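Participant: Following this message is one structure expressed as structure tokens.
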Amino acid sequence: MWQVMNLFDRHRSYAALGVGREVVWNYPPVYLICVRLFALVSPSLLWTGRLLSWLSALGIAALLCGIIYISLPRRFGYAVRIAAAATGLLYLCADPVLHWVPLMRVDVLGVLLTYLGLFFFISSRGATSWKVYLAFFCFFLAVWTKQNFLSAPFVCLLVALFLTPRRALRLCAIYGVAGVLVFWLGMKWTSGGLALNTITYNFHAFSLHRAIAGISENIVEVRIFFVLFGALVVTTLLRASEGRAKFGRAKWVARLRHNPFFFSLIVLTLHFAAAFVISFGYGKNGSNMNYFLEWTAALVVLSGLAVGLLFRELQRAPRPTLGLIAASLFVLFLPFQLLGRTKKTMHPLAQFEIEKDQERQAYERMIPLIKNAQGQVLSDDMVLLIFAGKDVVYEPATMQFLAEKGGWSPVGFERRIASREFPFIITTSTQFWYPGVTDAIDDAYEQDLVIGKYRLYKPRQASTTLR
């Protein structure tokens, strides 16, 4: 919210650290611009940002359905293609999506733009030039929404190089020049702060163990889709082994151009693999399950292709075998199992409702105190500060990650705390604060009030200062 409010302020937008504010602008501005445009619908930026995420999620599900539909051959018939395409709707029931879509974050819009680009590229099969250029324009916007949405443009560029090398080189030239131009304009606007915020300040400590643990947990959460994906892989390998003749490049190009299912399968499988590699970014301190949104979508759309093949076999078989019956029952069981989990997620426990009411009451008591404070207030709940009409001058969690990596020195900010610059400091948990900063708070401030989970500190009198 604060970044949307200050996006067009040259003194705050993507400003370097150490100039009065210790706040990092982690991502490029496309999402922020879209929220600013959507703000015409509602004055509440929080509501607007969340609405954009919800609409993006619905758009992703629709695009997954569309990609499955256009990928299946027409001879399968409308009934089979529509039934298989409905698998795309199950993306909304995947665990990472359920937890991330309600938030005002950039990721879901980036996935939407990525799959919009994939839809255009797959529907073109590398032949319709305007669709290819439009696809890469969507990828361009996706990268300027979040820097790591690189898997789809990378894969599609490889396929384009294989099919039409000259067009692929033109794409590189056009969007390469466009990227450099936009980056240069951004650097001029922010006096060099764009690169610092989106690149330099994003280097946090990385743990391969954390990455593997997170990916393993997500695989367990979406394991049902892996069953369908595994069936698709086995079926494809068996069919490939039947035709043992080795294809030359010309035959591969012809098959990719004239077989929509084969073209989609190659593009989507390569994209799944590339997105899976990028999901290892979960190992970076401060990352979350948003790193799994893209490759979960890739898994869902491949599962839809598997469902289409299954329904086609059922359609063709004169008498269903036991294996086909078992597979069909599994597919029918899939939506009921996922929808059951979704229903539980959307109906939280009574304890959650109690905690939500307590936090609402705490906000009602805290906001007037913060509004009446003379000067800026520090808090790890920055939404509270914005609702109280205060500026955000410090983002505790990100600065902690940067300090641990050596990308930020807390000494200057500790001096500001020691000078009792802030009338209040409000914390909910010390885990979000760098230890040196919390030590400075303990020395120069004392706890004055506790409201729910919020602890309010006021400056100590000079005679009682510990140092």
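Every chain in the structure tokens takes a letter, A first, then B, and so on in the order presented; its residues are numbered from 1, and the ligands are numbered from 1 following the presented order.
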Considering only alpha helix (DSSP H) as DSSP defines it on the backbone, what residues of segment 245-465 of chain A qualify? List them as a ChimeraX atom specification.
Facilitator: /A:249-258,260-278,293-316,322-346,350-371,382-387,396-405,411-418,435-444
Participant: Expressed in Å to a single decimal, how great is the separation between atom CA of Val24 of chain A and atom CA of Glu395 of chain A?
Facilitator: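 Computing the Euclidean distance for atom CA of Val24 of chain A and atom CA of Glu395 of chain A yields 7.6 Å.
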Participant: May I ask which of the residues A:Leu7, A:Leu103, A:Leu64, A:Ala440 is the closest one to Arg36 of chain A, counting only C-alpha atoms?
Facilitator: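 Ranking A:Leu7, A:Leu103, A:Leu64, A:Ala440 by distance to Arg36 of chain A, first place goes to A:Leu7.
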Participant: Go through A:Ile370, A:Leu32, A:Leu37, A:Ala84 and flag the residue nearest Ile68 of chain A, using only C-alpha atoms for the distances.
Facilitator: A:Ala84
Participant: Which residue gives the smallest distance to Leu268 of chain A among A:Val301, A:Val108, A:Ala350, A:Ile425, with only C-alpha atoms counted?
Facilitator: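 For Leu268 of chain A, the nearest of the candidates is A:Val301.
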Participant: For a quick check of understanding, using only C-alpha atoms, which of A:Ala362, A:Ala297, A:Ala397, A:Cys65 has the smallest distance to Val450 of chain A?
Facilitator: A:Ala362
